[in-house]
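Student: A single structure is presented below for examination.
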Amino acid sequence: MALKPILTLIVGVVLGCAEPRVGDMSLAGQLPGQLPGMLSEMEKQSILKERDPKPHVESALKVAEARIKTAFQFAQESQISAAAQDLDAFLALIVYADTYARKALVSKNKDRNHCLKRIEQVIFKQSRNMESVTRALPLESREAVESQIADVKKIRLRAINDLLGGGQVINSSN
């Protein structure tokens, strides 16, 4: 009777070790303001064809939303590796969009605020999908991705802070 739980544990450990580690390839080799390397050529082109900063950020967010939706579908189908890759791409695209909006739109306050609002809305809208995909990951991978999700949540709070009070509403100690 004790043999079945032991075998299940061993199979879980072996499969958990065989899964690629989430977070290893998303932000490690990525320079700030540079498109994530794990995007397909078509995704990169759809983002890069937009020359103006506002549509550029919108395009990056559309690709990000498509990635988190497919990650959620993969997680439901128990395709953990594909779900982990798409979750990585989503997180990297959110960081990219935030960095791009803050650097490219320094002087255009109205467009910058619009982009920050859209970034905040996408993060809020997809937070349940992020959590669902994270729960589907093996424990080792989950630990690696939780710090990236925390960074994305900080981006959301910083966007809200900048929109509501020019950076003076939410303190970092809260």
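As shown in the structure tokens, the chain order sets the letters A, B, ...; within each chain, residues go from 1, and ligands are also counted from 1 in the order they appear.
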Sort by chain and increasing residue number a table of all residues of range 33-131 of chain A within 8 Å of range 153-159 of chain A, each with its closest pair of atoms and their distance in Å to one decimal, counting only C-alpha atoms, and write it as a tab-separated table.
Tutor:
residue	atom	partner	partner_atom	distance
A:Val95	CA	A:Ile155	CA	7.7
A:Asp98	CA	A:Ile155	CA	7.3
A:Leu116	CA	A:Ala159	CA	5.4
A:Lys117	CA	A:Ala159	CA	6.9
A:Ile119	CA	A:Arg156	CA	7.1
A:Glu120	CA	A:Arg156	CA	4.9
A:Ile123	CA	A:Arg156	CA	6.6
A:Phe124	CA	A:Arg156	CA	7.8
Student: How about saving the chosen residues, N, CA and C atoms kept, as a CSV table (one decimal), in the first residue's frame?
Tutor:
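The new file result20.csv reads:
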chain,number,residue,atom,x,y,z
A,95,VAL,N,7.5,43.7,-19.0
A,95,VAL,CA,8.7,44.4,-18.6
A,95,VAL,C,9.1,45.3,-19.8
A,98,ASP,N,6.7,48.3,-20.3
A,98,ASP,CA,6.9,49.3,-19.3
A,98,ASP,C,8.2,50.1,-19.5
A,116,LEU,N,0.8,53.6,-19.7
A,116,LEU,CA,0.9,53.1,-18.3
A,116,LEU,C,-0.5,52.5,-17.9
A,117,LYS,N,-1.5,53.2,-18.3
A,117,LYS,CA,-2.9,52.8,-18.0
A,117,LYS,C,-3.2,51.4,-18.6
A,119,ILE,N,-0.9,49.2,-19.7
A,119,ILE,CA,-0.1,48.2,-19.0
A,119,ILE,C,-0.7,47.7,-17.7
A,120,GLU,N,-1.2,48.6,-16.9
A,120,GLU,CA,-1.9,48.3,-15.7
A,120,GLU,C,-3.1,47.5,-15.9
A,123,ILE,N,-2.1,43.8,-17.0
A,123,ILE,CA,-1.7,43.1,-15.8
A,123,ILE,C,-2.8,42.7,-14.9
A,124,PHE,N,-3.7,43.6,-14.6
A,124,PHE,CA,-4.9,43.3,-13.8
A,124,PHE,C,-5.8,42.3,-14.5
Student: Of the residues A:Ala83, A:Ala104, A:Glu43, A:Lys110, which is the one nearest to Ala64 in chain A, using only C-alpha atoms?
Tutor: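 Checking each of A:Ala83, A:Ala104, A:Glu43, A:Lys110 against Ala64 in chain A, counting only C-alpha atoms, the winner is A:Glu43.
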Student: Which residue gives the smallest distance to Met130 in chain A among A:Leu48, A:Ala97, A:Leu61, A:Val152, with only C-alpha atoms counted?
Tutor: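 Closest candidate: A:Val152.
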Student: Name all residues at most 8 Å from Ser132 in chain A (count only C-alpha atoms; drop same-chain ones fewer than 3 positions away) and give them as a PyMOL selection string.
Tutor: chain A and resi 72+75+128-129+135-136
Student: Per DSSP on the backbone, what are the alpha helix (DSSP H) residues of range 12-131 of chain A, as an MDAnalysis selection string?
Tutor: chainID A and resid 12:18 41:48 53:76 80:104 109:125 127:131
Student: Figure out the distance between CA of Tyr100 in chain A and CA of Thr70 in chain A, please, to one decimal in Å.
Tutor: 24.1 Å
Student: Using only C-alpha atoms, which residue out of A:Asn161, A:Gln85, A:Asn109, A:Ser59 lies closest to Leu137 in chain A?
Tutor: A:Gln85
Student: Taking only C-alpha atoms into account, name the residue in A:Glu58, A:Glu65, A:Asp86, A:Asp52 that is nearest to Leu39 in chain A.
Tutor: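 Among the listed residues, A:Asp86 lies closest to Leu39 in chain A.
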Student: Need to verify the contact set: Pro55 in chain A, 12 Å, only C-alpha atoms, exclusion of same-chain residues closer than 5 positions in sequence. Can you return it as a ChimeraX atom specification?
Tutor: /A:46-50,60-62,97,100-101,104-105,111-112,114-115,118
Student: Restricting the calculation to only C-alpha atoms, which member of A:Asp151, A:Glu140, A:Glu131, A:Asp88 is positioned closest to Met38 in chain A?
Tutor: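 Smallest distance to Met38 in chain A is found for A:Asp88.
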Student: To one decimal place, how far is CA of Arg102 in chain A from CA of Arg142 in chain A in Å?
Tutor: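 So the answer is 29.0 Å.
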Student: Can you pull out every residue within 9 Å of Thr134 in chain A, counting only C-alpha atoms, but drop anything in the same chain fewer than 6 positions away, and send it as a PyMOL selection string?
Tutor: chain A and resi 75+84+87+141-142+145-146
Student: Work out how far apart CA of Val57 in chain A and CA of Leu35 in chain A are and give it in Å to one decimal.
Tutor: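 The value is 11.4 Å.
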